Amino acid sequence: MMNGMISKDALAAQIEKGLREAAVGKEEGTQKFRAGDVKAARRAYLMAFMQTKSLLDTMAFQSKGSGGSSSLPGMDMPLDDIAPKHPRLAEVQGVHEVVCSNLAAVFVKEELWEKAASYATKALEINPHNLKARIRRAKAYQKLNNLSKWEEDVEAG
């Protein structure tokens, strides 16, 4: 390991482990949410969120020298060259997107509107076509009385 960089094999193992743990948290969160245990769902989804965010941060750090100007959603790290170096980037982003959207649902249920809008936005930064995230954010904007942003989401949805 040089300058914080890890080997390709170590990174692959870290991604595999992180995705497994995130999948467990996502599934547990879904089960708890469906059972009405919103607090337990939030804890499980937040664990999955931290796993996927950590993986995305690591992937961005590993390709930091790319010199690109693009960034991962919610981060100031370069995105250029990450996909070719990390073929599982799309998979990690996909899990992260779903977890963020599910956290938005939890925060809607808890009537924590700013958090709901924030997590829905994180999901939409990865996939602007995520209809569930767009609906959750629109509802949060409506409750926050931010009608211009609500209208944008309704028109986009």
# chains A, B, ... in the order shown; residues from 1 in each chain; ligands from 1
call {"tool": "residues_around", "arguments": {"residues": "A:Leu11", "least_positions_apart": "5", "cutoff": "9 Å", "atoms": "only C-alpha atoms", "output": "PyMOL selection string"}}
result
chain A and resi 6+16+58-59+62
call {"tool": "atom_distance", "arguments": {"atom1": "atom CA of A:Lys132", "atom2": "atom CA of A:Val24"}}
result
21.3 Å
call {"tool": "closest_residue", "arguments": {"among": "A:Trp150, A:Lys39, A:Tyr45, A:Gly18", "to": "A:Lys109", "atoms": "only C-alpha atoms"}}
result
A:Lys39
call {"tool": "closest_residue", "arguments": {"among": "A:Gln14, A:Asn145, A:Ser101, A:Thr30", "to": "A:Leu131", "atoms": "only C-alpha atoms"}}
result
A:Ser101
call {"tool": "residues_around", "arguments": {"residues": "A:Ser118", "least_positions_apart": "2", "cutoff": "12 Å", "atoms": "only C-alpha atoms", "output": "list in words"}}
result
Gly74, Cys100, Ser101, Asn102, Leu103, Ala104, Ala105, Phe107, Val108, Leu112, Trp113, Glu114, Lys115, Ala116, Ala120, Thr121, Lys122, Ala123, Leu124, Glu125, Ala133, Arg134, Arg136, Arg137, Ala138, Ala140 and Tyr141 of chain A
call {"tool": "closest_residue", "arguments": {"among": "A:Leu56, A:Met50, A:Ala10, A:Val154", "to": "A:Gly25", "atoms": "only C-alpha atoms"}}
result
A:Met50
call {"tool": "select_by_dssp", "arguments": {"residues": "stretch 85-123 of chain A", "states": "helix (DSSP H, G or I)", "output": "ChimeraX atom specification"}}
result
/A:85,89-109,113-123
call {"tool": "write_last_selection", "arguments": {"atoms": "N, CA, C and O atoms", "output": "compact mmCIF listing (two decimals), in the first residue's frame"}}
result
# COMPACT_ATOMS: atom_id res chain seq x y z
N LYS A 85 -11.77 1.39 -13.92
CA LYS A 85 -10.91 0.76 -12.91
C LYS A 85 -11.71 -0.12 -11.97
O LYS A 85 -11.18 -1.05 -11.39
N LEU A 89 -18.59 -0.43 -9.82
CA LEU A 89 -19.07 0.88 -9.40
C LEU A 89 -20.59 1.00 -9.58
O LEU A 89 -21.29 1.44 -8.67
N ALA A 90 -21.10 0.59 -10.73
CA ALA A 90 -22.54 0.70 -10.98
C ALA A 90 -23.34 -0.11 -9.97
O ALA A 90 -24.40 0.33 -9.51
N GLU A 91 -22.82 -1.27 -9.59
CA GLU A 91 -23.51 -2.11 -8.60
C GLU A 91 -23.55 -1.41 -7.24
O GLU A 91 -24.59 -1.38 -6.58
N VAL A 92 -22.42 -0.85 -6.83
CA VAL A 92 -22.36 -0.14 -5.54
C VAL A 92 -23.29 1.07 -5.58
O VAL A 92 -24.06 1.31 -4.64
N GLN A 93 -23.25 1.82 -6.67
CA GLN A 93 -24.12 2.99 -6.80
C GLN A 93 -25.60 2.57 -6.77
O GLN A 93 -26.42 3.26 -6.18
N GLY A 94 -25.92 1.44 -7.40
CA GLY A 94 -27.30 0.97 -7.41
C GLY A 94 -27.81 0.65 -6.01
O GLY A 94 -28.93 1.03 -5.66
N VAL A 95 -27.00 -0.02 -5.22
CA VAL A 95 -27.40 -0.32 -3.83
C VAL A 95 -27.52 0.98 -3.04
O VAL A 95 -28.47 1.19 -2.29
N HIS A 96 -26.55 1.88 -3.24
CA HIS A 96 -26.57 3.17 -2.53
C HIS A 96 -27.83 3.96 -2.89
O HIS A 96 -28.48 4.53 -2.00
N GLU A 97 -28.19 3.96 -4.15
CA GLU A 97 -29.40 4.66 -4.60
C GLU A 97 -30.64 4.13 -3.90
O GLU A 97 -31.46 4.90 -3.38
N VAL A 98 -30.80 2.80 -3.87
CA VAL A 98 -31.98 2.20 -3.25
C VAL A 98 -32.01 2.48 -1.75
O VAL A 98 -33.06 2.82 -1.19
N VAL A 99 -30.87 2.38 -1.10
CA VAL A 99 -30.80 2.63 0.34
C VAL A 99 -31.17 4.09 0.63
O VAL A 99 -31.93 4.38 1.57
N CYS A 100 -30.66 5.02 -0.17
CA CYS A 100 -31.00 6.44 0.03
C CYS A 100 -32.49 6.67 -0.16
O CYS A 100 -33.13 7.38 0.63
N SER A 101 -33.07 6.06 -1.19
CA SER A 101 -34.50 6.20 -1.42
C SER A 101 -35.30 5.59 -0.27
O SER A 101 -36.32 6.16 0.16
N ASN A 102 -34.85 4.46 0.24
CA ASN A 102 -35.54 3.82 1.36
C ASN A 102 -35.42 4.65 2.63
O ASN A 102 -36.37 4.74 3.41
N LEU A 103 -34.26 5.27 2.83
CA LEU A 103 -34.12 6.18 3.98
C LEU A 103 -35.06 7.37 3.84
O LEU A 103 -35.65 7.82 4.82
N ALA A 104 -35.23 7.85 2.62
CA ALA A 104 -36.19 8.94 2.39
C ALA A 104 -37.59 8.49 2.81
O ALA A 104 -38.33 9.25 3.45
N ALA A 105 -37.96 7.24 2.50
CA ALA A 105 -39.27 6.72 2.89
C ALA A 105 -39.41 6.68 4.41
O ALA A 105 -40.47 7.02 4.96
N VAL A 106 -38.35 6.26 5.08
CA VAL A 106 -38.37 6.22 6.56
C VAL A 106 -38.58 7.63 7.11
O VAL A 106 -39.42 7.84 7.99
N PHE A 107 -37.85 8.59 6.57
CA PHE A 107 -37.96 9.95 7.09
C PHE A 107 -39.30 10.59 6.73
O PHE A 107 -39.81 11.42 7.49
N VAL A 108 -39.91 10.19 5.62
CA VAL A 108 -41.27 10.64 5.32
C VAL A 108 -42.21 10.10 6.38
O VAL A 108 -43.04 10.82 6.93
N LYS A 109 -42.06 8.83 6.69
CA LYS A 109 -42.92 8.19 7.70
C LYS A 109 -42.76 8.87 9.07
O LYS A 109 -43.72 9.03 9.81
N TRP A 113 -38.95 16.01 7.32
CA TRP A 113 -39.05 16.40 5.92
C TRP A 113 -37.71 16.80 5.30
O TRP A 113 -37.43 16.47 4.15
N GLU A 114 -36.87 17.52 6.02
CA GLU A 114 -35.57 17.92 5.45
C GLU A 114 -34.69 16.70 5.19
O GLU A 114 -34.02 16.63 4.16
N LYS A 115 -34.69 15.76 6.13
CA LYS A 115 -33.91 14.53 5.93
C LYS A 115 -34.49 13.72 4.77
O LYS A 115 -33.74 13.15 3.97
N ALA A 116 -35.81 13.66 4.68
CA ALA A 116 -36.44 12.94 3.57
C ALA A 116 -36.02 13.54 2.24
O ALA A 116 -35.64 12.82 1.30
N ALA A 117 -36.05 14.86 2.14
CA ALA A 117 -35.66 15.53 0.89
C ALA A 117 -34.18 15.29 0.59
O ALA A 117 -33.80 15.03 -0.56
N SER A 118 -33.35 15.32 1.63
CA SER A 118 -31.91 15.14 1.44
C SER A 118 -31.57 13.75 0.91
O SER A 118 -30.80 13.61 -0.05
N TYR A 119 -32.14 12.72 1.52
CA TYR A 119 -31.83 11.35 1.07
C TYR A 119 -32.46 11.05 -0.29
O TYR A 119 -31.86 10.34 -1.10
N ALA A 120 -33.64 11.59 -0.55
CA ALA A 120 -34.23 11.42 -1.87
C ALA A 120 -33.35 12.08 -2.93
O ALA A 120 -33.14 11.52 -4.01
N THR A 121 -32.80 13.24 -2.60
CA THR A 121 -31.90 13.94 -3.53
C THR A 121 -30.65 13.10 -3.79
O THR A 121 -30.19 13.01 -4.93
N LYS A 122 -30.10 12.47 -2.76
CA LYS A 122 -28.93 11.60 -2.94
C LYS A 122 -29.24 10.48 -3.93
O LYS A 122 -28.43 10.14 -4.80
N ALA A 123 -30.43 9.88 -3.80
CA ALA A 123 -30.83 8.82 -4.73
C ALA A 123 -30.97 9.37 -6.14
O ALA A 123 -30.52 8.74 -7.12
call {"tool": "atom_distance", "arguments": {"atom1": "atom CA of A:Glu110", "atom2": "atom CA of A:Val38"}}
result
7.8 Å
call {"tool": "closest_residue", "arguments": {"among": "A:His86, A:Gln142, A:Met47, A:Glu155", "to": "A:Arg20", "atoms": "only C-alpha atoms"}}
result
A:Met47
call {"tool": "residues_around", "arguments": {"residues": "A:Glu27", "least_positions_apart": "4", "cutoff": "9 Å", "atoms": "only C-alpha atoms", "output": "MDAnalysis selection string"}}
result
chainID A and resid 22:23 31:32 44:45
call {"tool": "atom_distance", "arguments": {"atom1": "atom CA of A:Lys26", "atom2": "atom CA of A:Ala156"}}
result
27.1 Å
call {"tool": "closest_residue", "arguments": {"among": "A:Glu111, A:Asn130, A:Arg88, A:Ala48", "to": "A:Glu28", "atoms": "only C-alpha atoms"}}
result
A:Ala48
call {"tool": "decode", "arguments": {"residues": "stretch 118-136 of chain A", "atoms": "N, CA and C atoms", "output": "PDB file, in the first residue's frame"}}
result
ATOM      1  N   SER A 118     -33.350  15.323   1.627  1.00  0.00           N
ATOM      2  CA  SER A 118     -31.906  15.142   1.444  1.00  0.00           C
ATOM      3  C   SER A 118     -31.572  13.748   0.913  1.00  0.00           C
ATOM      4  N   TYR A 119     -32.136  12.717   1.518  1.00  0.00           N
ATOM      5  CA  TYR A 119     -31.835  11.352   1.074  1.00  0.00           C
ATOM      6  C   TYR A 119     -32.459  11.048  -0.287  1.00  0.00           C
ATOM      7  N   ALA A 120     -33.640  11.594  -0.554  1.00  0.00           N
ATOM      8  CA  ALA A 120     -34.232  11.419  -1.873  1.00  0.00           C
ATOM      9  C   ALA A 120     -33.349  12.080  -2.929  1.00  0.00           C
ATOM     10  N   THR A 121     -32.799  13.241  -2.600  1.00  0.00           N
ATOM     11  CA  THR A 121     -31.899  13.935  -3.526  1.00  0.00           C
ATOM     12  C   THR A 121     -30.655  13.102  -3.786  1.00  0.00           C
ATOM     13  N   LYS A 122     -30.100  12.468  -2.760  1.00  0.00           N
ATOM     14  CA  LYS A 122     -28.927  11.601  -2.944  1.00  0.00           C
ATOM     15  C   LYS A 122     -29.244  10.479  -3.931  1.00  0.00           C
ATOM     16  N   ALA A 123     -30.426   9.885  -3.803  1.00  0.00           N
ATOM     17  CA  ALA A 123     -30.827   8.818  -4.731  1.00  0.00           C
ATOM     18  C   ALA A 123     -30.971   9.371  -6.144  1.00  0.00           C
ATOM     19  N   LEU A 124     -31.553  10.553  -6.264  1.00  0.00           N
ATOM     20  CA  LEU A 124     -31.776  11.151  -7.579  1.00  0.00           C
ATOM     21  C   LEU A 124     -30.484  11.627  -8.237  1.00  0.00           C
ATOM     22  N   GLU A 125     -29.469  11.919  -7.439  1.00  0.00           N
ATOM     23  CA  GLU A 125     -28.171  12.279  -8.016  1.00  0.00           C
ATOM     24  C   GLU A 125     -27.559  11.081  -8.738  1.00  0.00           C
ATOM     25  N   ILE A 126     -27.849   9.902  -8.262  1.00  0.00           N
ATOM     26  CA  ILE A 126     -27.343   8.685  -8.906  1.00  0.00           C
ATOM     27  C   ILE A 126     -28.244   8.304 -10.080  1.00  0.00           C
ATOM     28  N   ASN A 127     -29.552   8.375  -9.868  1.00  0.00           N
ATOM     29  CA  ASN A 127     -30.504   7.985 -10.910  1.00  0.00           C
ATOM     30  C   ASN A 127     -31.653   8.993 -10.937  1.00  0.00           C
ATOM     31  N   PRO A 128     -31.588   9.961 -11.836  1.00  0.00           N
ATOM     32  CA  PRO A 128     -32.642  10.981 -11.915  1.00  0.00           C
ATOM     33  C   PRO A 128     -34.012  10.413 -12.292  1.00  0.00           C
ATOM     34  N   HIS A 129     -34.078   9.157 -12.710  1.00  0.00           N
ATOM     35  CA  HIS A 129     -35.337   8.537 -13.113  1.00  0.00           C
ATOM     36  C   HIS A 129     -35.964   7.697 -11.999  1.00  0.00           C
ATOM     37  N   ASN A 130     -35.423   7.777 -10.779  1.00  0.00           N
ATOM     38  CA  ASN A 130     -35.964   7.009  -9.652  1.00  0.00           C
ATOM     39  C   ASN A 130     -37.275   7.666  -9.214  1.00  0.00           C
ATOM     40  N   LEU A 131     -38.389   7.107  -9.666  1.00  0.00           N
ATOM     41  CA  LEU A 131     -39.703   7.697  -9.425  1.00  0.00           C
ATOM     42  C   LEU A 131     -40.071   7.715  -7.941  1.00  0.00           C
ATOM     43  N   LYS A 132     -39.748   6.639  -7.221  1.00  0.00           N
ATOM     44  CA  LYS A 132     -40.065   6.606  -5.789  1.00  0.00           C
ATOM     45  C   LYS A 132     -39.336   7.726  -5.051  1.00  0.00           C
ATOM     46  N   ALA A 133     -38.059   7.918  -5.358  1.00  0.00           N
ATOM     47  CA  ALA A 133     -37.292   8.983  -4.702  1.00  0.00           C
ATOM     48  C   ALA A 133     -37.870  10.349  -5.065  1.00  0.00           C
ATOM     49  N   ARG A 134     -38.264  10.527  -6.323  1.00  0.00           N
ATOM     50  CA  ARG A 134     -38.824  11.810  -6.759  1.00  0.00           C
ATOM     51  C   ARG A 134     -40.136  12.099  -6.028  1.00  0.00           C
ATOM     52  N   ILE A 135     -40.987  11.084  -5.878  1.00  0.00           N
ATOM     53  CA  ILE A 135     -42.260  11.260  -5.171  1.00  0.00           C
ATOM     54  C   ILE A 135     -42.008  11.590  -3.698  1.00  0.00           C
ATOM     55  N   ARG A 136     -41.052  10.894  -3.090  1.00  0.00           N
ATOM     56  CA  ARG A 136     -40.750  11.145  -1.674  1.00  0.00           C
ATOM     57  C   ARG A 136     -40.203  12.555  -1.481  1.00  0.00           C
TER      58      ARG A 136
END
